[in-house]
Structures are given as C-alpha cells and as structure tokens.
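Raw structure.cif, mmCIF, C-alpha atoms and all ligand atoms:
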data_target
#
loop_
_atom_site.label_atom_id
_atom_site.label_comp_id
_atom_site.auth_asym_id
_atom_site.auth_seq_id
_atom_site.Cartn_x
_atom_site.Cartn_y
_atom_site.Cartn_z
CA MET A 1 160.89 -62.60 24.81
CA SER A 2 164.16 -60.88 25.61
CA ALA A 3 166.70 -61.13 22.75
CA SER A 4 169.17 -62.74 25.18
CA LEU A 5 166.90 -65.80 25.23
CA PHE A 6 166.75 -66.20 21.45
CA PRO A 7 167.85 -69.74 20.51
CA GLN A 8 170.89 -68.57 18.51
CA HIS A 9 172.12 -66.51 21.45
CA VAL A 10 171.73 -69.30 24.04
CA ILE A 11 173.34 -71.85 21.68
CA ALA A 12 176.30 -69.53 21.07
CA ARG A 13 176.82 -69.01 24.81
CA LYS A 14 177.07 -72.77 25.35
CA ARG A 15 179.20 -73.18 22.21
CA ASP A 16 181.67 -70.69 23.71
CA GLY A 17 181.86 -72.61 26.97
CA HIS A 18 179.79 -70.40 29.29
CA ALA A 19 177.64 -71.76 32.09
CA LEU A 20 174.00 -71.10 31.17
CA THR A 21 171.64 -69.34 33.52
CA ARG A 22 168.47 -70.95 34.84
CA GLU A 23 166.45 -68.72 32.44
CA GLU A 24 168.52 -69.75 29.42
CA ILE A 25 168.10 -73.42 30.27
CA ALA A 26 164.37 -72.90 30.80
CA ALA A 27 164.13 -71.25 27.36
CA PHE A 28 165.85 -74.26 25.74
CA VAL A 29 163.57 -76.78 27.49
CA ARG A 30 160.48 -74.69 26.70
CA GLY A 31 161.61 -74.60 23.09
CA ALA A 32 161.78 -78.42 23.04
CA THR A 33 158.35 -78.74 24.67
CA ASP A 34 156.29 -76.21 22.71
CA GLY A 35 158.12 -76.52 19.40
CA SER A 36 159.29 -72.90 19.41
CA TRP A 37 162.90 -74.03 18.82
CA ALA A 38 163.43 -75.80 15.50
CA ASP A 39 164.94 -79.28 15.49
CA TYR A 40 168.20 -77.89 14.04
CA GLN A 41 168.46 -75.41 16.93
CA LEU A 42 167.74 -78.08 19.56
CA SER A 43 170.28 -80.38 17.89
CA ALA A 44 172.93 -77.65 17.78
CA MET A 45 172.35 -77.01 21.47
CA LEU A 46 172.65 -80.72 22.28
CA MET A 47 175.95 -80.88 20.43
CA ALA A 48 177.23 -77.77 22.22
CA ILE A 49 176.33 -79.40 25.58
CA PHE A 50 177.97 -82.63 24.42
CA PHE A 51 181.29 -80.85 23.83
CA ARG A 52 181.18 -78.19 26.55
CA GLY A 53 179.44 -80.16 29.31
CA MET A 54 177.42 -78.63 32.13
CA THR A 55 178.29 -77.57 35.65
CA PRO A 56 176.48 -79.40 38.52
CA GLN A 57 174.28 -76.32 38.90
CA GLU A 58 173.37 -76.24 35.21
CA THR A 59 172.64 -79.99 35.26
CA ALA A 60 170.32 -79.51 38.25
CA HIS A 61 168.49 -76.61 36.54
CA PHE A 62 168.25 -78.61 33.32
CA THR A 63 166.88 -81.70 35.11
CA GLU A 64 164.31 -79.66 36.98
CA ALA A 65 163.16 -77.84 33.83
CA MET A 66 162.84 -81.18 31.99
CA MET A 67 160.86 -82.68 34.87
CA ARG A 68 158.54 -79.68 34.98
CA SER A 69 158.03 -79.74 31.19
CA GLY A 70 155.15 -82.13 31.91
CA PHE A 71 153.04 -83.67 34.57
CA VAL A 72 154.57 -84.23 38.04
CA ALA A 73 152.68 -86.96 39.87
CA ASP A 74 151.23 -86.28 43.27
CA LEU A 75 151.06 -89.54 45.23
CA SER A 76 150.18 -87.93 48.56
CA ASN A 77 147.21 -90.34 48.64
CA VAL A 78 149.72 -93.16 49.32
CA SER A 79 150.54 -93.29 53.03
CA LEU A 80 153.45 -95.76 52.74
CA PRO A 81 156.97 -94.47 52.06
CA LYS A 82 157.66 -94.56 48.31
CA ALA A 83 160.85 -95.85 46.68
CA ASP A 84 161.87 -96.69 43.16
CA LYS A 85 164.85 -98.12 41.31
CA HIS A 86 166.29 -97.19 37.94
CA SER A 87 168.69 -99.35 35.97
CA THR A 88 170.73 -97.95 33.12
CA GLY A 89 170.00 -101.26 31.41
CA GLY A 90 171.81 -104.45 30.65
CA VAL A 91 171.43 -107.88 29.12
CA GLY A 92 169.13 -110.21 31.05
CA ASP A 93 168.35 -107.48 33.57
CA LYS A 94 164.89 -108.53 34.76
CA VAL A 95 165.42 -107.25 38.31
CA SER A 96 162.55 -104.71 38.36
CA LEU A 97 159.98 -107.46 37.78
CA HIS A 98 160.67 -109.23 41.08
CA LEU A 99 162.34 -106.43 43.08
CA ALA A 100 159.24 -104.19 42.92
CA PRO A 101 156.89 -106.76 44.53
CA MET A 102 159.59 -107.79 47.04
CA VAL A 103 160.04 -104.21 48.24
CA ALA A 104 156.26 -103.64 48.24
CA ALA A 105 155.87 -106.77 50.38
CA CYS A 106 158.27 -105.12 52.88
CA GLY A 107 155.92 -102.15 53.33
CA VAL A 108 157.39 -99.67 50.84
CA ALA A 109 155.26 -98.52 47.91
CA VAL A 110 156.95 -98.81 44.51
CA PRO A 111 155.56 -96.43 41.87
CA MET A 112 157.61 -97.51 38.87
CA ILE A 113 157.56 -95.97 35.43
CA SER A 114 159.69 -98.07 33.09
CA GLY A 115 160.86 -98.11 29.52
CA ARG A 116 160.97 -100.37 26.49
CA GLY A 117 164.00 -102.14 25.11
CA LEU A 118 165.99 -100.45 22.40
CA GLY A 119 169.17 -101.74 20.76
CA HIS A 120 170.86 -104.50 22.69
CA THR A 121 169.25 -103.88 26.10
CA GLY A 122 165.80 -105.17 27.04
CA GLY A 123 162.99 -103.19 28.62
CA THR A 124 160.78 -103.98 31.60
CA LEU A 125 157.58 -103.10 29.71
CA ASP A 126 158.29 -105.58 26.91
CA LYS A 127 158.96 -108.29 29.46
CA LEU A 128 155.73 -107.60 31.33
CA GLU A 129 153.74 -107.58 28.10
CA SER A 130 154.72 -111.19 27.51
CA ILE A 131 152.22 -112.01 30.28
CA PRO A 132 148.93 -112.43 28.37
CA GLY A 133 146.62 -109.45 29.00
CA PHE A 134 149.13 -107.38 31.02
CA ARG A 135 148.46 -103.64 30.51
CA VAL A 136 151.35 -101.21 30.94
CA ASN A 137 149.45 -98.15 29.71
CA LEU A 138 147.38 -97.31 32.78
CA SER A 139 145.92 -93.82 33.10
CA PHE A 140 147.43 -91.68 35.82
CA ALA A 141 144.28 -92.10 37.93
CA GLU A 142 144.54 -95.91 37.65
CA TYR A 143 148.27 -95.80 38.49
CA ARG A 144 147.66 -93.62 41.55
CA ALA A 145 144.79 -95.79 42.79
CA GLN A 146 146.77 -99.00 42.26
CA VAL A 147 149.82 -97.75 44.17
CA GLU A 148 147.48 -96.78 47.02
CA LYS A 149 145.63 -100.12 46.98
CA ILE A 150 148.41 -102.70 46.52
CA GLY A 151 151.61 -100.66 46.92
CA VAL A 152 153.04 -101.29 43.47
CA ALA A 153 152.46 -100.39 39.82
CA LEU A 154 154.73 -100.87 36.80
CA ILE A 155 153.67 -98.74 33.88
CA GLY A 156 155.02 -97.04 30.75
CA GLN A 157 155.90 -93.42 30.21
CA THR A 158 152.81 -91.39 29.38
CA ALA A 159 152.82 -88.55 26.84
CA GLU A 160 152.41 -86.02 29.67
CA LEU A 161 155.52 -87.16 31.57
CA ALA A 162 158.66 -85.13 30.75
CA PRO A 163 157.67 -84.36 27.13
CA ALA A 164 160.88 -82.33 26.66
CA ASP A 165 162.86 -85.52 27.24
CA LYS A 166 160.83 -87.38 24.64
CA LYS A 167 161.69 -84.73 22.05
CA LEU A 168 165.34 -84.35 23.03
CA TYR A 169 165.98 -88.10 23.37
CA ALA A 170 164.69 -88.69 19.82
CA LEU A 171 167.06 -85.99 18.53
CA ARG A 172 170.00 -87.32 20.57
CA ASP A 173 169.43 -90.74 19.11
CA VAL A 174 170.02 -89.45 15.56
CA THR A 175 172.64 -86.75 16.22
CA GLY A 176 175.34 -88.71 18.05
CA THR A 177 174.65 -86.99 21.38
CA VAL A 178 173.44 -89.87 23.56
CA GLU A 179 176.68 -90.52 25.48
CA CYS A 180 176.85 -87.31 27.51
CA VAL A 181 176.57 -87.38 31.31
CA PRO A 182 174.49 -84.19 31.92
CA LEU A 183 172.11 -85.12 29.10
CA ILE A 184 171.72 -88.68 30.40
CA CYS A 185 171.28 -87.47 33.98
CA ALA A 186 168.53 -84.99 33.09
CA SER A 187 166.84 -87.56 30.87
CA ILE A 188 166.73 -90.27 33.54
CA LEU A 189 165.90 -88.10 36.55
CA SER A 190 163.29 -85.93 34.82
CA LYS A 191 161.16 -89.05 34.28
CA LYS A 192 161.91 -90.81 37.55
CA LEU A 193 161.35 -87.76 39.75
CA ALA A 194 158.06 -86.95 37.98
CA GLU A 195 156.53 -90.35 38.85
CA GLY A 196 155.99 -89.53 42.52
CA THR A 197 158.73 -91.50 44.31
CA GLN A 198 160.31 -90.06 47.48
CA VAL A 199 163.65 -91.87 47.23
CA LEU A 200 165.52 -93.46 44.37
CA VAL A 201 168.14 -96.17 43.92
CA GLY A 202 170.17 -96.35 40.71
CA ASP A 203 171.73 -99.45 39.22
CA VAL A 204 174.44 -97.99 37.01
CA LYS A 205 175.94 -100.74 34.90
CA PHE A 206 179.34 -100.83 33.26
CA GLY A 207 180.98 -103.36 30.93
CA ARG A 208 180.49 -104.91 27.51
CA GLY A 209 176.74 -105.40 27.83
CA ALA A 210 176.08 -101.98 29.36
CA PHE A 211 175.24 -98.70 27.78
CA MET A 212 178.31 -97.23 29.59
CA LYS A 213 181.19 -99.58 28.77
CA ASP A 214 183.73 -97.74 30.87
CA LYS A 215 183.68 -97.97 34.67
CA ALA A 216 185.06 -94.45 35.25
CA LYS A 217 182.33 -92.98 33.02
CA ALA A 218 179.66 -95.06 34.79
CA ARG A 219 180.95 -93.77 38.15
CA GLU A 220 180.79 -90.18 36.86
CA LEU A 221 177.16 -90.76 35.80
CA ALA A 222 176.30 -92.36 39.16
CA GLN A 223 177.84 -89.44 41.08
CA THR A 224 176.04 -86.90 38.92
CA LEU A 225 172.68 -88.67 39.32
CA VAL A 226 173.07 -88.84 43.09
CA SER A 227 174.11 -85.22 43.53
CA VAL A 228 171.43 -83.81 41.19
CA ALA A 229 168.69 -85.94 42.82
CA HIS A 230 169.82 -84.66 46.25
CA ALA A 231 169.84 -81.08 44.98
CA MET A 232 166.24 -81.63 43.90
CA GLY A 233 165.29 -82.95 47.35
CA THR A 234 165.19 -86.68 46.53
CA PRO A 235 167.58 -88.89 48.51
CA MET A 236 169.34 -91.25 46.10
CA ARG A 237 172.07 -93.88 46.10
CA ALA A 238 173.59 -95.57 43.08
CA VAL A 239 175.09 -99.05 42.90
CA LEU A 240 177.79 -99.67 40.27
CA THR A 241 177.32 -103.19 38.91
CA ALA A 242 179.28 -105.17 36.33
CA MET A 243 177.56 -106.12 33.08
CA ASP A 244 180.11 -108.19 31.18
CA GLU A 245 178.07 -111.39 31.14
CA PRO A 246 174.24 -111.51 31.12
CA LEU A 247 172.48 -111.25 34.47
CA GLY A 248 170.92 -114.60 35.34
CA ARG A 249 170.50 -117.47 32.93
CA THR A 250 167.87 -116.12 30.54
CA VAL A 251 167.72 -113.36 27.93
CA GLY A 252 164.43 -112.74 26.13
CA ASN A 253 161.11 -111.38 27.31
CA ALA A 254 158.90 -114.31 28.37
CA LEU A 255 161.98 -116.32 29.41
CA GLU A 256 163.02 -113.50 31.75
CA VAL A 257 159.52 -113.29 33.26
CA ALA A 258 159.74 -117.01 34.05
CA GLU A 259 163.15 -116.45 35.67
CA SER A 260 161.80 -113.53 37.72
CA ILE A 261 158.98 -115.75 38.97
CA ASP A 262 161.67 -118.27 39.96
CA CYS A 263 163.42 -115.48 41.91
CA LEU A 264 160.17 -114.84 43.79
CA LYS A 265 159.89 -118.56 44.53
CA GLY A 266 163.38 -118.56 46.08
CA ARG A 267 165.14 -120.36 43.24
CA GLY A 268 166.58 -117.44 41.27
CA PRO A 269 170.16 -117.46 39.94
CA ALA A 270 172.75 -116.33 42.51
CA ASP A 271 173.97 -113.28 40.54
CA THR A 272 170.44 -111.98 39.91
CA MET A 273 169.49 -112.41 43.57
CA GLU A 274 172.67 -110.66 44.71
CA VAL A 275 171.94 -107.57 42.59
CA THR A 276 168.27 -107.69 43.67
CA PHE A 277 169.12 -107.84 47.37
CA VAL A 278 171.73 -105.07 47.20
CA LEU A 279 169.33 -102.72 45.37
CA GLY A 280 166.44 -103.71 47.65
CA GLU A 281 168.55 -103.06 50.76
CA GLN A 282 169.25 -99.53 49.61
CA MET A 283 165.57 -98.95 48.85
CA LEU A 284 164.50 -100.11 52.33
CA LEU A 285 167.25 -98.06 53.99
CA LEU A 286 166.41 -94.86 52.11
CA ALA A 287 162.70 -95.44 52.75
CA LYS A 288 163.59 -95.84 56.45
CA VAL A 289 161.83 -99.16 56.97
CA ALA A 290 165.19 -100.74 57.85
CA VAL A 291 168.04 -99.31 59.89
CA THR A 292 170.90 -101.55 58.83
CA LYS A 293 171.79 -103.41 55.65
CA GLU A 294 171.50 -106.70 57.54
CA ASP A 295 168.03 -105.81 58.75
CA ALA A 296 167.00 -104.85 55.20
CA ARG A 297 168.40 -108.09 53.76
CA LYS A 298 166.50 -110.15 56.38
CA LYS A 299 163.25 -108.41 55.48
CA LEU A 300 163.78 -108.96 51.76
CA GLU A 301 164.71 -112.63 52.24
CA ALA A 302 161.66 -113.12 54.44
CA SER A 303 159.43 -111.60 51.74
CA VAL A 304 160.55 -114.44 49.48
CA THR A 305 160.53 -117.33 51.97
CA SER A 306 157.12 -116.36 53.38
CA GLY A 307 155.60 -116.15 49.89
CA ALA A 308 154.57 -112.50 50.50
CA ALA A 309 156.58 -111.18 47.52
CA LEU A 310 155.11 -113.81 45.19
CA GLN A 311 151.63 -112.93 46.44
CA LYS A 312 152.35 -109.23 45.75
CA PHE A 313 153.43 -110.17 42.22
CA ARG A 314 150.11 -112.02 41.73
CA GLU A 315 148.26 -108.91 42.91
CA LEU A 316 150.27 -106.75 40.53
CA VAL A 317 149.59 -109.00 37.53
CA ALA A 318 145.88 -109.23 38.38
CA ALA A 319 145.56 -105.45 38.93
CA GLN A 320 147.06 -104.76 35.49
CA GLY A 321 144.85 -107.29 33.69
CA GLY A 322 147.44 -110.06 33.25
CA ASP A 323 146.80 -113.80 33.40
CA VAL A 324 147.81 -114.72 36.96
CA ARG A 325 147.95 -118.41 36.07
CA VAL A 326 151.44 -117.84 34.56
CA VAL A 327 152.80 -117.72 38.12
CA ASP A 328 152.08 -121.42 38.60
CA GLU A 329 152.10 -122.45 34.95
CA PRO A 330 154.97 -120.64 33.16
CA ALA A 331 154.12 -122.73 30.06
CA LEU A 332 151.22 -120.30 29.56
CA LEU A 333 153.78 -117.63 28.65
CA PRO A 334 154.50 -117.38 24.89
CA GLN A 335 156.49 -120.41 23.71
CA ALA A 336 158.85 -120.61 20.73
CA LYS A 337 158.53 -123.27 18.02
CA PHE A 338 162.17 -124.43 18.27
CA LYS A 339 164.10 -125.03 21.53
CA VAL A 340 167.59 -126.12 20.63
CA GLY A 341 170.59 -126.64 22.92
CA LEU A 342 174.00 -125.25 21.97
CA ALA A 343 176.52 -128.01 22.68
CA ALA A 344 179.87 -127.29 24.38
CA PRO A 345 182.62 -128.00 21.83
CA ARG A 346 184.97 -129.33 24.54
CA ALA A 347 185.09 -130.11 28.25
CA GLY A 348 186.53 -127.47 30.58
CA PHE A 349 185.57 -124.23 32.25
CA VAL A 350 183.41 -121.46 30.86
CA GLN A 351 185.93 -118.68 30.12
CA ASP A 352 183.52 -116.10 28.79
CA VAL A 353 179.86 -115.38 28.12
CA ASP A 354 179.91 -112.09 26.26
CA ALA A 355 176.77 -110.19 27.21
CA LEU A 356 176.81 -108.20 23.99
CA GLY A 357 177.13 -111.37 21.91
CA VAL A 358 174.19 -112.98 23.73
CA ALA A 359 172.16 -109.78 23.23
CA LEU A 360 172.96 -109.73 19.51
CA ALA A 361 171.90 -113.40 19.20
CA SER A 362 168.61 -112.53 20.95
CA LEU A 363 168.11 -109.53 18.66
CA GLU A 364 168.64 -111.82 15.68
CA LEU A 365 165.92 -114.11 17.06
CA GLY A 366 163.53 -111.13 17.31
CA ALA A 367 163.58 -110.51 21.10
CA GLY A 368 164.47 -106.82 20.73
CA ARG A 369 164.11 -103.91 18.39
CA ALA A 370 166.56 -101.83 16.36
CA LYS A 371 164.14 -98.89 16.11
CA THR A 372 161.20 -97.92 18.29
CA SER A 373 158.59 -98.95 15.69
CA ASP A 374 159.90 -102.57 15.39
CA LYS A 375 157.69 -105.39 16.66
CA ILE A 376 159.21 -107.88 19.08
CA ASP A 377 158.68 -111.62 19.57
CA HIS A 378 158.07 -112.27 23.26
CA ALA A 379 158.75 -116.02 23.07
CA VAL A 380 162.31 -116.05 21.72
CA GLY A 381 165.70 -115.72 23.38
CA VAL A 382 168.18 -117.87 25.25
CA SER A 383 167.64 -119.84 28.47
CA ALA A 384 169.76 -122.13 30.69
CA LEU A 385 172.85 -120.03 29.95
CA VAL A 386 176.07 -121.14 31.58
CA LYS A 387 177.95 -118.67 33.80
CA ILE A 388 181.63 -117.74 33.65
CA GLY A 389 183.73 -120.11 35.76
CA GLU A 390 181.35 -123.10 35.59
CA ARG A 391 182.72 -126.52 34.70
CA ILE A 392 181.19 -128.10 31.61
CA GLU A 393 181.38 -131.49 29.86
CA VAL A 394 181.81 -131.83 26.12
CA GLY A 395 178.41 -131.79 24.38
CA ALA A 396 176.55 -130.43 27.43
CA PRO A 397 174.36 -127.38 26.65
CA LEU A 398 175.91 -123.93 26.98
CA GLY A 399 172.39 -122.54 26.63
CA VAL A 400 169.08 -123.28 24.96
CA ILE A 401 168.04 -121.17 21.99
CA HIS A 402 164.30 -120.41 21.65
CA ALA A 403 163.47 -119.50 18.03
CA ASN A 404 160.45 -119.16 15.79
CA ASP A 405 162.41 -119.10 12.55
CA GLU A 406 165.02 -121.55 11.27
CA LYS A 407 167.20 -118.94 9.58
CA ALA A 408 167.33 -116.80 12.74
CA LEU A 409 168.07 -119.94 14.75
CA ALA A 410 171.13 -120.71 12.59
CA GLU A 411 172.34 -117.08 12.89
CA ALA A 412 171.87 -117.13 16.66
CA GLN A 413 173.78 -120.43 16.93
CA ALA A 414 176.71 -118.88 15.05
CA ILE A 415 176.73 -115.70 17.18
CA LEU A 416 176.40 -117.59 20.47
CA GLY A 417 179.12 -120.05 19.42
CA LYS A 418 181.51 -117.07 19.35
CA ALA A 419 180.14 -115.38 22.49
CA ILE A 420 180.53 -118.37 24.83
CA LEU A 421 184.06 -119.69 25.23
CA VAL A 422 185.17 -122.90 26.97
CA GLY A 423 188.81 -123.55 27.87
CA ALA A 424 190.90 -125.83 30.05
CA ALA A 425 191.93 -123.36 32.76
CA PRO A 426 189.73 -122.61 35.79
CA VAL A 427 188.50 -119.00 35.81
CA ALA A 428 188.17 -116.63 38.77
CA VAL A 429 184.71 -115.08 38.92
CA SER A 430 184.88 -111.26 39.03
CA THR A 431 182.99 -109.03 41.42
CA LEU A 432 179.47 -108.09 40.46
CA ILE A 433 178.81 -105.24 42.89
CA ASP A 434 181.56 -102.69 42.53
CA GLU A 435 180.62 -99.73 44.71
CA ILE A 436 177.70 -97.94 46.33
CA ILE A 437 177.66 -94.19 45.78
CA GLY A 438 175.76 -91.69 47.90
N1 LIG A 501 168.10 -93.75 29.61
C1 LIG A 501 167.36 -92.61 29.52
O1 LIG A 501 166.21 -92.56 29.91
N2 LIG A 501 167.96 -91.53 28.98
C2 LIG A 501 169.23 -91.53 28.55
O2 LIG A 501 169.70 -90.52 28.09
C3 LIG A 501 169.96 -92.72 28.64
C4 LIG A 501 169.38 -93.82 29.20
#
Spit out the file's structure as structure tokens when you get a sec.
Ligand code: URA
Amino acid sequence: MSASLFPQHVIARKRDGHALTREEIAAFVRGATDGSWADYQLSAMLMAIFFRGMTPQETAHFTEAMMRSGFVADLSNVSLPKADKHSTGGVGDKVSLHLAPMVAACGVAVPMISGRGLGHTGGTLDKLESIPGFRVNLSFAEYRAQVEKIGVALIGQTAELAPADKKLYALRDVTGTVECVPLICASILSKKLAEGTQVLVGDVKFGRGAFMKDKAKARELAQTLVSVAHAMGTPMRAVLTAMDEPLGRTVGNALEVAESIDCLKGRGPADTMEVTFVLGEQMLLLAKVAVTKEDARKKLEASVTSGAALQKFRELVAAQGGDVRVVDEPALLPQAKFKVGLAAPRAGFVQDVDALGVALASLELGAGRAKTSDKIDHAVGVSALVKIGERIEVGAPLGVIHANDEKALAEAQAILGKAILVGAAPVAVSTLIDEIIG
C-alpha cells in the first residue's frame, strides 16, 4: 500500500481540513471492513470528519464505498418498479408497517430493510416481532423470492449488508460522533441503496421526539441525502415532518402493530394517515405509477377502501411466518398485565404531549432498549393517547398505560403526568408536513 494511504496520513489530511480523495476514503472504509485500521484510528478519523465535515463529493464517495463494503442486492428478478421509504425515526412512528403493503397493493414492490429501536425511538423490526411467529431474519434468497412473489418484504439488516457501517456506527455511538450529517447520510444510504430499491423517499423528522431536534439541521440532512442518492443514480425525495408529539395514539410495539392494522382498515389516526399518504404519494410518483399527487393519493386511498392493502399485509405476515389471525383478532398480540388510564387533572384543552416524555415512559415500561443487547417487552407502552388541541373533561383518560410491572407503572404514570399538559386556553395545532425536498 502506498504510504499516502496509511491511516495516520489520511487522518491527518482530514484533521487539517483537506477534502479526501476517493482512494483515501476507500482506504478508510476498507480499514473499517477488514479490520486493518485499529479502532482508535477509525475513531480519530470519525472525529476529524465530525469537526471538518465533508464536501458533497466526499460524502458521495464515502456513501458509495460504505455501500460496496458488503453485498449489494440484485432484484432484477422483480419486474415491478421498486420503491422504499426511510424514516430517521420518531416516537410512535409505525408508518412502515402499513405503508409498505399499501404501496405494494398499488403495484410498486417494496423491498424494505429496517432497523431495531435504540434509545427513545422505536424500530420497525421490534414492532413486527410482536406478531407471534413473525421472522425478520430472512436469507437473501428468501427476501428476493418474496419480493418477486408478493411485492413486499420487511427484514432486518444482514451481516453482509454494509458491514463498514456496522463497525463505524458502533464506534460513533461511543465516541460522540453520531450527530454529523455526512456520517449519518453515508450510514443511512449505504444500507438503503444496497437493498435493491430503485427509488427512495425519506421521512426526515425534526422536533423534541426526533433524533434531529433542530429543523435547519434536519433540512441539511434531507438535502444531503437527496443529492447524494441522486449522485449515486437513485431518485430520492425527502419529506420534513414534525415530531414534537407522538405520531398516532399508541407508543409500544404490539400496540403500534394494532394501530397500523387500524390504518389498513381505514380507521387510523388522522396524523398518522396524513404522513402515510404524503410519503406514499412520493413513492408512487418516483416509481412512475402515478403522474400527479392527486392521482397517487386516490390510488393509496383506494388500496385501503378496497381492502387490497389489508390483504397485502396478510400476505406479508403469512410469508414471514407470522400468525395472520392477529389482523382480525388484535387480542392475540402480546397483552400487558395492567392497563391503567391516566386521568386528566382538570378540564380544558390538551396543551402539550411531549413525544420525548412519552418515549421515556415507554422505555421505563420496557418497550425499548438502552443498549443493543437489552431485551424488550412487546406488550407494554401507551395507547389511546390524546392529541394536542383536543378538548378533555376532568378525570377522562389522557392515555392508557400498559405495564407488566407495578413499579414501572408508577414511574410511567409520573413521567406521563409531566409530559401531557392540560390548560384552559384552546391550542392551535401546528403543521405536521413541513416541506418536500428533491
Ligand atoms: N440511522 C442510521 O442508520 N445511521 C445514522 O447514522 C443515524 C440514523
């Protein structure tokens, strides 16, 4: 190897603010994949990128090298157009569960590789695993065959997919280098573009319950994702959505599955359906099965009213080994021992439902994990949550807490009591969909 590609040399170039060449970036990513760079060298490089940033060209080279560090799926066996959606994660964000079958019912294949929940945000895989028997760890051959046969698969990241990201993400997590736009962009796109989709829609969330609290930073991430995806030949749009209160009325794995099934039956909460339709519209437009937003919306609505999307969800659950009976009998999903309403302390209007507070209450109940090795309890969480602006009578429930442990129940009651505020003045409801980029 040329001395100019030695780790210390490449790290020093980034430390001093230079734009790295494609070869230097490739050496760094190779070092993360084959172990030829030590963890301290990878970490130093991550910190240098954190402070010095990357040009759009460097970010594109970095994303491509990360994607090519592992297996890149070939879904040429699937004749339908292929579209996927990625959310940066929020509280109560169960959209993938019902959006994927809705879009598939409109004639667009959805090959979706999702993640697990970590910290205060939930993960699609954990939600799906609350369906008894549901397998998220399909082999690539099974995934490919399922997308071809029924047009949709929702699986977890395999060890072969973007292994450089797996290594670097674990180091970022413990070195204070997570919140960095080029690192986040390469991390997200390397996995999403390796799964075999042709077009991609991003749901980039901002607000208290989001990973990016600040709207300007979320916009910067959305713009970077869109331009890097385009540079790599994948048309992408990103929707900026607010995440100050939870999405929908449930937070917690099995509870969110039940709410997603409600969405497919045409009785989903208004905010969840709005985000679902806006993301779905962009997927159908990019996949070219609709020519206008109105046309796309009509197709998506029809997939729900005709029952086609619900049928696609049944096919998905059956194909991945899950108990399809949960669709008609949600009581077959894991149930908590205690279901206790949280009474409104006064009559008035709901002033606030702090997404982060609700997430922390759910974490206390056991719905999430603080570190990747933690076990989660699929049954627990909060349902029937009120929404900001709603009128409420004294003593009426602000939400129902599902708990399997009395101590955790008491903790969750205390946290939720502070997260949900009721006051006398009516409240204007803020906009949920902020902007569409790309
Ligand atoms: N999600 C990812 O996959 N990677 C990041 O860096 C942040 C969010």
Any chance you could tabulate, as a Markdown table, the residues of chain A at most 7 Å from ligand LIG 501 (chain A) with each one's nearest atom pair and distance in Å to one decimal, using all atoms listed in the file, in chain and rising number order?
| residue | atom | partner | partner_atom | distance |
| --- | --- | --- | --- | --- |
| A:Thr88 | CA | A:LIG501 | C4 | 5.9 |
| A:Tyr169 | CA | A:LIG501 | O2 | 6.5 |
| A:Val178 | CA | A:LIG501 | O2 | 5.9 |
| A:Leu183 | CA | A:LIG501 | O2 | 6.0 |
| A:Ile184 | CA | A:LIG501 | O2 | 3.6 |
| A:Cys185 | CA | A:LIG501 | O2 | 6.8 |
| A:Ser187 | CA | A:LIG501 | N2 | 4.5 |
| A:Ile188 | CA | A:LIG501 | O1 | 4.3 |
Point (174.7, -127.9, 27.9), cut-off 8 Å, counting only C-alpha atoms, residues as a list in words:
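Neighbouring residues, ordered by chain and number, come to Gly341, Leu342, Ala343, Ala344, Val386, Ile392, Glu393, Gly395, Ala396, Pro397, Leu398, Gly399 and Val400 of chain A.
Distance annotation: of A:Asp214, A:Glu142, A:Glu256, A:Glu148, the residue with the minimal separation from Val95 (chain A) is A:Glu256; atom set is all atoms listed in the file.
All residues that come within 12 Å of the coordinates (174.0, -93.3, 56.8), counting all atoms listed in the file, are given as Pro235, Met236, Arg237, Gln282, Leu285, Leu286, Lys288, Ala290, Val291, Thr292, Lys293, Ile437 and Gly438 of chain A.
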Taking into account only C-alpha atoms, which residue in the set A:Leu247, A:Leu416, A:Leu316, A:Leu221 is nearest to Val136 (chain A)?
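The answer is A:Leu316, which sits nearest to Val136 (chain A).
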In Å and to one decimal, CA of Met243 (chain A) is distant from CA of Leu432 (chain A) by 7.9 Å
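Residues surrounding Val110 (chain A) within 9 Å are Pro81, Lys82, Ala83, Asp84, Lys85, Ala100, Pro101, Val103, Ala104, Val147, Gly151, Val152, Ala153, Leu154 and Thr197 of chain A [all atoms listed in the file; sequence separation below 3 positions excluded].
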Using all atoms of region 255-269 of chain A listed in the file and a margin of 3 Å per side, can you give the axis-aligned box centre and edge lengths in Å to one decimal, as JSON?
{"center_x": 164.6, "center_y": -116.8, "center_z": 37.7, "size_x": 17.2, "size_y": 13.1, "size_z": 22.7}
Rank A:Val380, A:Ala164, A:Val108, A:Leu365 by their smallest atom-to-atom distance to Leu80 (chain A), using all atoms listed in the file, and report the top residue only.
A:Val108
8 Å contact set for Pro7 (chain A), all atoms listed in the file, chain neighbours under 3 positions out, as a list in words:
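Everything that qualifies: Val10, Ile11, Ala27, Phe28, Trp37 and Gln41 of chain A.
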In terms of the shortest atom-to-atom distance over only C-alpha atoms, which of A:Ile261, A:Val228, A:Leu360, A:Leu5 is closest to Arg325 (chain A)?
A:Ile261
note - CA of Ala270 (chain A) and CA of Gln351 (chain A) are separated by 18.2 Å
Nearest to Arg391 (chain A) by atom-to-atom distance, counting only C-alpha atoms, from A:Leu42, A:Met232, A:His378, A:Arg346
A:Arg346
Counting only C-alpha atoms, which of A:Lys149, A:Ala38, A:Leu200, A:Ala258 gets nearest to Glu315 (chain A)?
A:Lys149
